[in-house]
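*Asks:* Structure file upload23.cif (mmCIF, C-alpha atoms) is given on the next line.
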data_entry
#
loop_
_atom_site.group_PDB
_atom_site.id
_atom_site.type_symbol
_atom_site.label_atom_id
_atom_site.label_comp_id
_atom_site.auth_asym_id
_atom_site.auth_seq_id
_atom_site.Cartn_x
_atom_site.Cartn_y
_atom_site.Cartn_z
ATOM 1 C CA MET H 1 14.542 5.555 -16.497
ATOM 2 C CA HIS H 2 13.673 8.865 -18.112
ATOM 3 C CA ARG H 3 11.942 6.892 -20.863
ATOM 4 C CA PHE H 4 8.797 6.888 -18.727
ATOM 5 C CA ALA H 5 9.100 10.525 -17.677
ATOM 6 C CA ASN H 6 6.524 11.344 -20.310
ATOM 7 C CA PRO H 7 3.088 11.056 -18.611
ATOM 8 C CA ALA H 8 1.403 9.876 -21.825
ATOM 9 C CA GLN H 9 3.942 7.081 -22.172
ATOM 10 C CA PHE H 10 3.532 6.169 -18.513
ATOM 11 C CA ASN H 11 -0.268 6.054 -18.905
ATOM 12 C CA ARG H 12 0.054 3.714 -21.890
ATOM 13 C CA LEU H 13 2.338 1.412 -19.897
ATOM 14 C CA ALA H 14 -0.035 1.534 -16.889
ATOM 15 C CA ASP H 15 -3.011 0.643 -19.107
ATOM 16 C CA ARG H 16 -1.127 -2.427 -20.311
ATOM 17 C CA ILE H 17 -0.205 -3.549 -16.759
ATOM 18 C CA LEU H 18 -3.581 -2.894 -15.073
ATOM 19 C CA PRO H 19 -5.519 -5.878 -16.525
ATOM 20 C CA TRP H 20 -2.705 -8.251 -15.519
ATOM 21 C CA ALA H 21 -2.598 -6.810 -12.000
ATOM 22 C CA LYS H 22 -6.366 -7.361 -11.686
ATOM 23 C CA LEU H 23 -6.021 -10.944 -12.893
ATOM 24 C CA VAL H 24 -3.154 -11.771 -10.501
ATOM 25 C CA LEU H 25 -4.983 -10.060 -7.629
ATOM 26 C CA ALA H 26 -8.220 -11.999 -8.189
ATOM 27 C CA ALA H 27 -6.511 -15.379 -8.610
ATOM 28 C CA SER H 28 -4.065 -15.052 -5.707
ATOM 29 C CA LEU H 29 -6.681 -13.575 -3.364
ATOM 30 C CA VAL H 30 -9.234 -16.341 -3.971
ATOM 31 C CA TYR H 31 -6.605 -19.083 -3.654
ATOM 32 C CA GLY H 32 -4.944 -17.360 -0.683
ATOM 33 C CA ILE H 33 -8.232 -17.028 1.248
ATOM 34 C CA TYR H 34 -9.043 -20.657 0.452
ATOM 35 C CA LEU H 35 -5.649 -21.800 1.766
ATOM 36 C CA ALA H 36 -5.837 -19.476 4.791
ATOM 37 C CA PHE H 37 -9.162 -20.868 5.996
ATOM 38 C CA LEU H 38 -9.580 -24.304 4.452
ATOM 39 C CA GLY H 39 -6.183 -25.453 3.212
ATOM 40 C CA SER H 40 -4.045 -24.893 6.302
ATOM 41 C CA PRO H 41 -4.194 -26.443 9.755
ATOM 42 C CA PRO H 42 -4.674 -24.601 13.062
ATOM 43 C CA ASP H 43 -1.454 -23.979 14.954
ATOM 44 C CA GLN H 44 -0.428 -26.431 17.660
ATOM 45 C CA TYR H 45 -0.239 -23.667 20.306
ATOM 46 C CA GLN H 46 -2.211 -20.738 18.895
ATOM 47 C CA GLY H 47 -5.085 -22.721 17.445
ATOM 48 C CA GLU H 48 -7.360 -20.919 14.962
ATOM 49 C CA SER H 49 -5.979 -17.458 15.780
ATOM 50 C CA VAL H 50 -2.927 -18.257 13.614
ATOM 51 C CA ARG H 51 -5.129 -17.508 10.572
ATOM 52 C CA ILE H 52 -4.729 -13.801 11.384
ATOM 53 C CA MET H 53 -1.072 -14.254 10.407
ATOM 54 C CA TYR H 54 -2.095 -14.569 6.730
ATOM 55 C CA VAL H 55 -3.254 -10.938 6.645
ATOM 56 C CA HIS H 56 -1.075 -9.473 9.402
ATOM 57 C CA VAL H 57 2.342 -10.554 8.096
ATOM 58 C CA PRO H 58 1.765 -9.623 4.407
ATOM 59 C CA ALA H 59 0.326 -6.259 5.565
ATOM 60 C CA ALA H 60 3.476 -5.643 7.637
ATOM 61 C CA TRP H 61 5.689 -6.608 4.671
ATOM 62 C CA MET H 62 3.747 -4.231 2.428
ATOM 63 C CA ALA H 63 3.980 -1.422 5.003
ATOM 64 C CA MET H 64 7.780 -1.608 4.748
ATOM 65 C CA PHE H 65 7.820 -2.190 0.979
ATOM 66 C CA CYS H 66 5.627 0.878 0.352
ATOM 67 C CA TYR H 67 7.970 2.968 2.473
ATOM 68 C CA LEU H 68 10.882 1.778 0.352
ATOM 69 C CA VAL H 69 8.932 2.910 -2.728
ATOM 70 C CA VAL H 70 8.274 6.337 -1.153
ATOM 71 C CA ALA H 71 11.919 6.711 -0.082
ATOM 72 C CA GLY H 72 13.215 5.415 -3.437
ATOM 73 C CA ALA H 73 10.992 7.877 -5.291
ATOM 74 C CA SER H 74 12.184 10.705 -3.037
ATOM 75 C CA PHE H 75 15.821 9.769 -3.658
ATOM 76 C CA THR H 76 15.213 9.576 -7.425
ATOM 77 C CA GLU H 77 13.589 13.001 -7.366
ATOM 78 C CA PHE H 78 16.482 14.507 -5.434
ATOM 79 C CA VAL H 79 19.255 12.994 -7.521
ATOM 80 C CA TRP H 80 17.835 12.772 -11.052
ATOM 81 C CA ARG H 81 14.925 15.211 -10.868
ATOM 82 C CA HIS H 82 12.714 12.624 -12.511
ATOM 83 C CA PRO H 83 9.379 14.384 -13.047
ATOM 84 C CA LEU H 84 7.228 11.372 -12.166
ATOM 85 C CA ALA H 85 9.289 10.206 -9.172
ATOM 86 C CA ILE H 86 7.821 12.759 -6.801
ATOM 87 C CA LEU H 87 4.320 11.748 -7.906
ATOM 88 C CA ALA H 88 5.204 8.089 -7.320
ATOM 89 C CA GLY H 89 6.055 8.841 -3.685
ATOM 90 C CA LYS H 90 2.835 10.786 -3.251
ATOM 91 C CA ALA H 91 0.836 7.958 -4.844
ATOM 92 C CA ALA H 92 2.420 5.201 -2.726
ATOM 93 C CA ALA H 93 2.150 6.928 0.670
ATOM 94 C CA PRO H 94 -1.611 6.426 1.317
ATOM 95 C CA ILE H 95 -1.299 2.752 0.325
ATOM 96 C CA GLY H 96 1.626 2.330 2.722
ATOM 97 C CA ALA H 97 -0.249 4.139 5.496
ATOM 98 C CA THR H 98 -3.232 1.821 4.988
ATOM 99 C CA PHE H 99 -1.083 -1.316 5.128
ATOM 100 C CA THR H 100 0.719 0.008 8.233
ATOM 101 C CA ALA H 101 -2.593 0.710 9.970
ATOM 102 C CA LEU H 102 -3.758 -2.785 8.999
ATOM 103 C CA ALA H 103 -0.556 -4.344 10.363
ATOM 104 C CA LEU H 104 -1.132 -2.531 13.674
ATOM 105 C CA ILE H 105 -4.852 -3.372 13.903
ATOM 106 C CA THR H 106 -4.570 -7.025 12.845
ATOM 107 C CA GLY H 107 -1.517 -7.367 15.124
ATOM 108 C CA ALA H 108 -3.589 -6.093 18.058
ATOM 109 C CA LEU H 109 -6.401 -8.510 17.152
ATOM 110 C CA TRP H 110 -3.881 -11.365 17.022
ATOM 111 C CA GLY H 111 -2.129 -10.245 20.198
ATOM 112 C CA LYS H 112 -5.207 -10.320 22.433
ATOM 113 C CA PRO H 113 -5.964 -14.063 22.149
ATOM 114 C CA THR H 114 -2.269 -15.004 21.871
ATOM 115 C CA TRP H 115 -0.483 -12.764 24.404
ATOM 116 C CA GLY H 116 -3.485 -11.556 26.410
ATOM 117 C CA THR H 117 -3.001 -7.915 25.392
ATOM 118 C CA TYR H 118 -3.837 -5.731 22.388
ATOM 119 C CA TRP H 119 -0.763 -3.558 22.744
ATOM 120 C CA GLN H 120 2.687 -3.559 24.275
ATOM 121 C CA TRP H 121 5.226 -0.732 23.960
ATOM 122 C CA ASP H 122 7.953 -3.046 22.686
ATOM 123 C CA GLY H 123 10.486 -2.350 19.930
ATOM 124 C CA ARG H 124 8.581 -3.922 17.025
ATOM 125 C CA MET H 125 5.159 -2.443 17.716
ATOM 126 C CA THR H 126 6.499 0.994 18.615
ATOM 127 C CA SER H 127 8.723 1.193 15.508
ATOM 128 C CA VAL H 128 5.780 0.201 13.281
ATOM 129 C CA LEU H 129 3.702 2.907 14.978
ATOM 130 C CA VAL H 130 6.522 5.361 14.182
ATOM 131 C CA LEU H 131 6.352 4.180 10.556
ATOM 132 C CA PHE H 132 2.633 5.003 10.538
ATOM 133 C CA PHE H 133 3.375 8.507 11.880
ATOM 134 C CA LEU H 134 6.062 8.946 9.200
ATOM 135 C CA TYR H 135 3.457 8.205 6.526
ATOM 136 C CA LEU H 136 1.004 10.649 8.143
ATOM 137 C CA GLY H 137 3.736 13.304 8.354
ATOM 138 C CA TYR H 138 4.717 12.751 4.717
ATOM 139 C CA MET H 139 1.099 13.151 3.565
ATOM 140 C CA ALA H 140 0.524 16.145 5.882
ATOM 141 C CA ILE H 141 3.542 17.986 4.402
ATOM 142 C CA TRP H 142 2.145 17.457 0.894
ATOM 143 C CA ARG H 143 -1.124 19.067 1.979
ATOM 144 C CA SER H 144 0.447 21.862 4.012
ATOM 145 C CA MET H 145 1.985 23.862 1.155
ATOM 146 C CA ASP H 146 0.395 25.447 -1.883
ATOM 147 C CA GLU H 147 3.479 25.028 -4.061
ATOM 148 C CA GLU H 148 3.591 21.354 -5.009
ATOM 149 C CA ASP H 149 7.305 21.313 -5.829
ATOM 150 C CA LYS H 150 8.260 22.752 -2.439
ATOM 151 C CA ALA H 151 5.872 20.412 -0.639
ATOM 152 C CA GLY H 152 7.267 17.460 -2.533
ATOM 153 C CA ARG H 153 10.849 18.309 -1.661
ATOM 154 C CA ALA H 154 10.057 18.842 2.039
ATOM 155 C CA ALA H 155 8.097 15.578 2.166
ATOM 156 C CA SER H 156 10.985 13.795 0.419
ATOM 157 C CA ILE H 157 13.431 14.943 3.108
ATOM 158 C CA LEU H 158 11.187 13.439 5.785
ATOM 159 C CA ALA H 159 10.855 10.219 3.765
ATOM 160 C CA LEU H 160 14.632 9.880 3.405
ATOM 161 C CA VAL H 161 15.297 10.586 7.091
ATOM 162 C CA GLY H 162 12.630 8.043 8.022
ATOM 163 C CA VAL H 163 14.439 5.223 6.189
ATOM 164 C CA ILE H 164 16.450 4.719 9.392
ATOM 165 C CA ASN H 165 13.267 3.264 10.898
ATOM 166 C CA LEU H 166 13.175 0.294 8.473
ATOM 167 C CA PRO H 167 16.193 -1.615 9.900
ATOM 168 C CA ILE H 168 14.921 -0.782 13.382
ATOM 169 C CA ILE H 169 11.599 -2.495 12.527
ATOM 170 C CA LYS H 170 13.373 -5.470 10.974
ATOM 171 C CA PHE H 171 15.913 -6.092 13.754
ATOM 172 C CA SER H 172 13.914 -4.848 16.753
ATOM 173 C CA VAL H 173 12.951 -8.426 17.647
ATOM 174 C CA GLU H 174 16.646 -9.328 17.892
ATOM 175 C CA TRP H 175 17.900 -6.158 19.588
ATOM 176 C CA TRP H 176 15.348 -5.903 22.401
ATOM 177 C CA ASN H 177 13.206 -8.145 24.534
ATOM 178 C CA THR H 178 9.820 -8.416 22.885
ATOM 179 C CA LEU H 179 6.610 -10.397 22.815
ATOM 180 C CA HIS H 180 7.113 -10.776 19.060
ATOM 181 C CA GLN H 181 8.607 -13.973 17.767
ATOM 182 C CA PRO H 182 11.920 -13.612 15.868
ATOM 183 C CA ALA H 183 11.974 -13.755 12.054
ATOM 184 C CA SER H 184 10.618 -17.109 10.879
ATOM 185 C CA VAL H 185 10.334 -16.689 7.087
ATOM 186 C CA PHE H 186 13.247 -14.590 5.780
ATOM 187 C CA ARG H 187 16.151 -16.315 7.549
ATOM 188 C CA LEU H 188 19.589 -17.295 6.337
ATOM 189 C CA ASP H 189 18.955 -20.909 7.372
ATOM 190 C CA GLY H 190 15.542 -21.015 5.683
ATOM 191 C CA PRO H 191 11.981 -20.613 6.961
ATOM 192 C CA THR H 192 11.011 -22.306 10.206
ATOM 193 C CA ILE H 193 7.283 -22.375 9.378
ATOM 194 C CA SER H 194 5.580 -25.471 8.032
ATOM 195 C CA ALA H 195 4.938 -25.487 4.265
ATOM 196 C CA ASP H 196 1.191 -25.775 5.003
ATOM 197 C CA MET H 197 1.383 -22.293 6.484
ATOM 198 C CA LEU H 198 3.981 -20.848 4.113
ATOM 199 C CA TRP H 199 1.793 -21.309 1.029
ATOM 200 C CA PRO H 200 -1.189 -19.256 2.235
ATOM 201 C CA LEU H 201 1.258 -16.659 3.555
ATOM 202 C CA PHE H 202 2.994 -16.264 0.193
ATOM 203 C CA MET H 203 -0.276 -16.388 -1.735
ATOM 204 C CA MET H 204 -1.688 -13.539 0.366
ATOM 205 C CA ALA H 205 1.620 -11.674 -0.018
ATOM 206 C CA ILE H 206 1.272 -11.955 -3.818
ATOM 207 C CA ALA H 207 -2.346 -10.732 -3.581
ATOM 208 C CA PHE H 208 -1.295 -7.698 -1.517
ATOM 209 C CA LYS H 209 1.543 -6.955 -3.942
ATOM 210 C CA ALA H 210 -0.855 -7.120 -6.916
ATOM 211 C CA TYR H 211 -3.250 -4.855 -4.989
ATOM 212 C CA PHE H 212 -0.413 -2.386 -4.502
ATOM 213 C CA VAL H 213 0.424 -2.380 -8.230
ATOM 214 C CA LEU H 214 -3.244 -1.859 -9.120
ATOM 215 C CA VAL H 215 -3.987 0.979 -6.699
ATOM 216 C CA PHE H 216 -0.549 2.555 -7.165
ATOM 217 C CA LEU H 217 -1.051 2.812 -10.939
ATOM 218 C CA TYR H 218 -4.525 4.331 -10.479
ATOM 219 C CA ARG H 219 -3.129 6.820 -7.976
ATOM 220 C CA MET H 220 -0.254 7.693 -10.339
ATOM 221 C CA LYS H 221 -2.794 8.370 -13.094
ATOM 222 C CA LEU H 222 -4.744 10.475 -10.586
ATOM 223 C CA GLU H 223 -1.665 12.552 -9.710
ATOM 224 C CA ILE H 224 -0.847 13.047 -13.402
ATOM 225 C CA ASN H 225 -4.423 14.214 -14.035
ATOM 226 C CA ARG H 226 -4.200 16.602 -11.067
ATOM 227 C CA ARG H 227 -1.000 18.070 -12.528
ATOM 228 C CA LYS H 228 -2.720 18.493 -15.889
ATOM 229 C CA LEU H 229 -5.655 20.190 -14.156
ATOM 230 C CA SER H 230 -3.446 22.693 -12.365
ATOM 231 C CA VAL H 231 -1.700 23.516 -15.656
ATOM 232 C CA LEU H 232 -5.067 23.964 -17.411
ATOM 233 C CA ARG H 233 -6.331 26.201 -14.594
ATOM 234 C CA MET H 234 -3.166 28.293 -14.701
ATOM 235 C CA SER H 235 -3.441 28.704 -18.460
ATOM 236 C CA ARG H 236 -7.053 29.888 -18.048
ATOM 237 C CA VAL H 237 -6.078 32.420 -15.395
ATOM 238 C CA THR H 238 -3.165 33.782 -17.409
ATOM 239 C CA GLY H 239 -5.410 34.016 -20.414
ATOM 240 C CA MET B 1 -9.368 -27.599 7.375
ATOM 241 C CA THR B 2 -11.400 -25.407 9.701
ATOM 242 C CA ASP B 3 -15.089 -24.887 10.316
ATOM 243 C CA LEU B 4 -15.569 -21.239 9.400
ATOM 244 C CA PHE B 5 -18.521 -20.926 11.759
ATOM 245 C CA ASP B 6 -16.893 -22.631 14.710
ATOM 246 C CA MET B 7 -13.524 -21.102 15.528
ATOM 247 C CA GLY B 8 -14.346 -20.898 19.205
ATOM 248 C CA SER B 9 -13.529 -17.838 21.268
ATOM 249 C CA VAL B 10 -10.970 -16.540 18.730
ATOM 250 C CA GLY B 11 -13.591 -16.400 15.946
ATOM 251 C CA PRO B 12 -14.418 -12.687 16.420
ATOM 252 C CA PHE B 13 -10.712 -11.786 16.346
ATOM 253 C CA VAL B 14 -10.087 -13.738 13.134
ATOM 254 C CA ILE B 15 -13.219 -12.455 11.386
ATOM 255 C CA GLY B 16 -12.491 -8.942 12.695
ATOM 256 C CA ALA B 17 -8.939 -8.983 11.275
ATOM 257 C CA TYR B 18 -10.110 -10.130 7.828
ATOM 258 C CA GLY B 19 -13.124 -7.781 7.920
ATOM 259 C CA VAL B 20 -11.084 -4.677 8.761
ATOM 260 C CA THR B 21 -8.553 -5.592 6.064
ATOM 261 C CA ALA B 22 -11.244 -6.083 3.424
ATOM 262 C CA VAL B 23 -13.059 -2.840 4.275
ATOM 263 C CA ALA B 24 -9.856 -0.751 4.332
ATOM 264 C CA LEU B 25 -8.433 -2.132 1.082
ATOM 265 C CA VAL B 26 -11.730 -1.955 -0.818
ATOM 266 C CA ALA B 27 -12.349 1.597 0.446
ATOM 267 C CA LEU B 28 -8.876 2.787 -0.638
ATOM 268 C CA ALA B 29 -9.235 1.154 -4.068
ATOM 269 C CA VAL B 30 -12.721 2.610 -4.666
ATOM 270 C CA LEU B 31 -11.708 6.093 -3.487
ATOM 271 C CA SER B 32 -8.591 6.049 -5.695
ATOM 272 C CA LEU B 33 -10.535 4.848 -8.727
ATOM 273 C CA ARG B 34 -13.336 7.391 -8.282
ATOM 274 C CA ALA B 35 -10.921 10.269 -7.690
ATOM 275 C CA ASN B 36 -9.002 9.340 -10.837
ATOM 276 C CA LYS B 37 -12.194 9.130 -12.909
ATOM 277 C CA ALA B 38 -13.376 12.510 -11.597
ATOM 278 C CA ALA B 39 -9.994 14.121 -12.307
ATOM 279 C CA ALA B 40 -9.831 12.601 -15.813
ATOM 280 C CA ALA B 41 -13.361 13.884 -16.574
ATOM 281 C CA GLU B 42 -12.400 17.349 -15.285
ATOM 282 C CA VAL B 43 -9.280 17.388 -17.485
ATOM 283 C CA GLU B 44 -11.402 16.434 -20.483
ATOM 284 C CA ARG B 45 -13.943 19.160 -19.647
ATOM 285 C CA MET B 46 -11.318 21.892 -19.237
ATOM 286 C CA ARG B 47 -9.195 20.920 -22.208
ATOM 287 C CA PRO B 48 -9.548 23.523 -24.983
ATOM 288 C CA LYS B 49 -11.850 22.261 -27.727
ATOM 289 C CA ARG B 50 -10.348 21.809 -31.168
ATOM 290 C CA ARG B 51 -11.601 24.564 -33.470
ATOM 291 C CA ARG B 52 -13.379 23.530 -36.618
ATOM 292 C CA LYS B 53 -11.740 24.298 -39.900
ATOM 293 C CA PRO B 54 -13.731 26.679 -42.089
ATOM 294 C CA ASP B 55 -14.474 23.935 -44.619
ATOM 295 C CA GLU B 56 -15.993 21.619 -41.957
ATOM 296 C CA GLY B 57 -19.715 22.186 -42.351
ATOM 297 C CA ASP B 58 -22.519 21.342 -39.900
ATOM 298 C CA SER B 59 -23.888 18.583 -42.087
#
Would it be possible to restate this file's structure as structure tokens?

*Replies:*
Amino acid sequence: MHRFANPAQFNRLADRILPWAKLVLAASLVYGIYLAFLGSPPDQYQGESVRIMYVHVPAAWMAMFCYLVVAGASFTEFVWRHPLAILAGKAAAPIGATFTALALITGALWGKPTWGTYWQWDGRMTSVLVLFFLYLGYMAIWRSMDEEDKAGRAASILALVGVINLPIIKFSVEWWNTLHQPASVFRLDGPTISADMLWPLFMMAIAFKAYFVLVFLYRMKLEINRRKLSVLRMSRVTG
Amino acid sequence: MTDLFDMGSVGPFVIGAYGVTAVALVALAVLSLRANKAAAAEVERMRPKRRRKPDEGDS
């Protein structure tokens, strides 16, 4: 793992991955949008509004995945003191916050025609809102301190404590009464959704994952450049 | 298959969901890319220039 602790080596690896991420993103997005609008039928009960599912569900998956990346990076920083791990958490947080906000907004837009309301304080929606606040808190801590190392450690503690929210999000639909339907894709007895709807869902999930890789690598390069800048500025001040 | 221009009363919700998603993701990608380019240019500008060796002439 420490093989990629060297920023120059990481940048070389990122430069090799970036073109592939762009290619996968373009191909899966075009095909996913085609399937979402033209290659899948309207739902028997929800009608055309089911098409919102193809952005809402992958956004919700990504919101949780990005948090795992942030928490994993925080754990790696705490245990192994990996120099790039803390930057990885910082780079992933805005992407996760964006996907969480999108999950909330697209969920509200799906909820209005389906349930008759934009918002309900039920377990799933409230725990996803908490996830959004965790991201905001994590990013606020980074900005609140001048010393990056201290800020990173404090933000990491919040990220690790917040991991408890992930199983709450996942199982909230089983633990409490909710408007949300129970899990219909990742189930022990297999998905309960028709294959016509699973394909666009997975294609959009691949597109969002490729988007994450692309933007995450650019943001990692950005954080590495910011570190270099602070070192250069310090060396100028000290003479 | 659906008629993109005739999704009935749910049309604005569907288009709104995809529109918000597109705007947010494109904005984040563009901002990240531009910030990285600006930071990389700043690093290049601040990096100490390599001094010429005495035998390297102007010609």

*Asks:* Extract, using all atoms listed in the file, all DNA, RNA and protein residues at most 12 Å from Leu232 of chain H, discarding same-chain residues fewer than 3 positions from it, and format them as a PDB file with C-alpha atoms, in the coordinates of the input.

*Replies:*
ATOM      1  CA  ASN H 225      -4.423  14.214 -14.035  1.00  0.00           C
ATOM      2  CA  ARG H 226      -4.200  16.602 -11.067  1.00  0.00           C
ATOM      3  CA  ARG H 227      -1.000  18.070 -12.528  1.00  0.00           C
ATOM      4  CA  LYS H 228      -2.720  18.493 -15.889  1.00  0.00           C
ATOM      5  CA  LEU H 229      -5.655  20.190 -14.156  1.00  0.00           C
ATOM      6  CA  SER H 235      -3.441  28.704 -18.460  1.00  0.00           C
ATOM      7  CA  ARG H 236      -7.053  29.888 -18.048  1.00  0.00           C
ATOM      8  CA  VAL H 237      -6.078  32.420 -15.395  1.00  0.00           C
ATOM      9  CA  THR H 238      -3.165  33.782 -17.409  1.00  0.00           C
ATOM     10  CA  GLY H 239      -5.410  34.016 -20.414  1.00  0.00           C
TER      11      GLY H 239
ATOM     12  CA  GLU B  42     -12.400  17.349 -15.285  1.00  0.00           C
ATOM     13  CA  VAL B  43      -9.280  17.388 -17.485  1.00  0.00           C
ATOM     14  CA  GLU B  44     -11.402  16.434 -20.483  1.00  0.00           C
ATOM     15  CA  ARG B  45     -13.943  19.160 -19.647  1.00  0.00           C
ATOM     16  CA  MET B  46     -11.318  21.892 -19.237  1.00  0.00           C
ATOM     17  CA  ARG B  47      -9.195  20.920 -22.208  1.00  0.00           C
ATOM     18  CA  PRO B  48      -9.548  23.523 -24.983  1.00  0.00           C
TER      19      PRO B  48
END

*Asks:* Given the file shown, enumerate the residues that the PyMOL selection byres ((chain H) within 8 of (chain B)) captures and present them as JSON, numbers by chain.

*Replies:* {"H": [37, 38, 39, 40, 41, 42, 48, 49, 51, 52, 55, 95, 98, 102, 105, 106, 109, 110, 113, 215, 218, 219, 221, 222, 225, 226, 228, 229, 232]}

*Asks:* Counting only C-alpha atoms, figure out which residue out of H:Leu104, H:Leu179, H:Leu134, H:Ala88 gets nearest to Val57 of chain H.

*Replies:* H:Leu104

*Asks:* Could you write out as an MDAnalysis selection string the residues that the PyMOL selection byres ((chain H and resi 211) around 9) matches in the shown file?

*Replies:* (chainID H and resid 21:22 24:25 206:210 212:216) or (chainID B and resid 25 29)

*Asks:* So the first atom is atom CA of Gly111 of chain H and the second is atom CA of Leu29 of chain H; what is the distance between them in Å, to one decimal place?

*Replies:*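 Calculated distance between atom CA of Gly111 of chain H and atom CA of Leu29 of chain H is 24.2 Å.
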
*Asks:* List, as an MDAnalysis selection string, every residue that the PyMOL selection byres ((chain H and resi 87) around 9) selects in the file provided.

*Replies:* chainID H and resid 73 83:86 88:92 152 219:220 223:224

*Asks:* What is the distance between atom CA of Asp43 of chain H and atom CA of Trp176 of chain H, in Å to one decimal?

*Replies:* 25.8 Å

*Asks:* Just how far from atom CA of Ala71 of chain H is atom CA of Pro191 of chain H, in Å to one decimal?

*Replies:*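 Atom-to-atom, atom CA of Pro191 of chain H to atom CA of Ala71 of chain H, that is 28.2 Å.
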
*Asks:* Around all the atoms of segment 108-119 of chain H listed in the file, draw an axis-aligned box and extend it by 8 Å on each of the six sides; I want its centre and edge lengths in Å to one decimal, as AutoDock Vina command-line options.

*Replies:*
--center_x -3.4 --center_y -9.3 --center_z 21.7 --size_x 21.9 --size_y 27.4 --size_z 25.4

*Asks:* Point out the residue among H:Arg12, H:Met53, H:Trp175, H:Val30 with the least atom-to-atom distance to Met197 of chain H, counting only C-alpha atoms.

*Replies:*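 Among the listed residues, the smallest separation from Met197 of chain H belongs to H:Met53.
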
*Asks:* Smallest atom-to-atom distance to Leu136 of chain H: which of H:Val163, H:Val173, H:Ala93, H:Ala108, using all atoms listed in the file?

*Replies:* H:Ala93

*Asks:* Counting all atoms listed in the file, which residues sit no farther than 7 Å from the position (-1.2, -13.0, 4.2) in the file's frame? I'd like them as a PyMOL selection string.

*Replies:* chain H and resi 53-58+200-205

*Asks:* Go ahead and dump the residues you just picked, C-alpha atoms, as an mmCIF file, in the coordinates of the input.

*Replies:*
data_model
loop_
_atom_site.group_PDB
_atom_site.id
_atom_site.type_symbol
_atom_site.label_atom_id
_atom_site.label_comp_id
_atom_site.auth_asym_id
_atom_site.auth_seq_id
_atom_site.Cartn_x
_atom_site.Cartn_y
_atom_site.Cartn_z
ATOM 1 C CA MET H 53 -1.072 -14.254 10.407
ATOM 2 C CA TYR H 54 -2.095 -14.569 6.730
ATOM 3 C CA VAL H 55 -3.254 -10.938 6.645
ATOM 4 C CA HIS H 56 -1.075 -9.473 9.402
ATOM 5 C CA VAL H 57 2.342 -10.554 8.096
ATOM 6 C CA PRO H 58 1.765 -9.623 4.407
ATOM 7 C CA PRO H 200 -1.189 -19.256 2.235
ATOM 8 C CA LEU H 201 1.258 -16.659 3.555
ATOM 9 C CA PHE H 202 2.994 -16.264 0.193
ATOM 10 C CA MET H 203 -0.276 -16.388 -1.735
ATOM 11 C CA MET H 204 -1.688 -13.539 0.366
ATOM 12 C CA ALA H 205 1.620 -11.674 -0.018
#
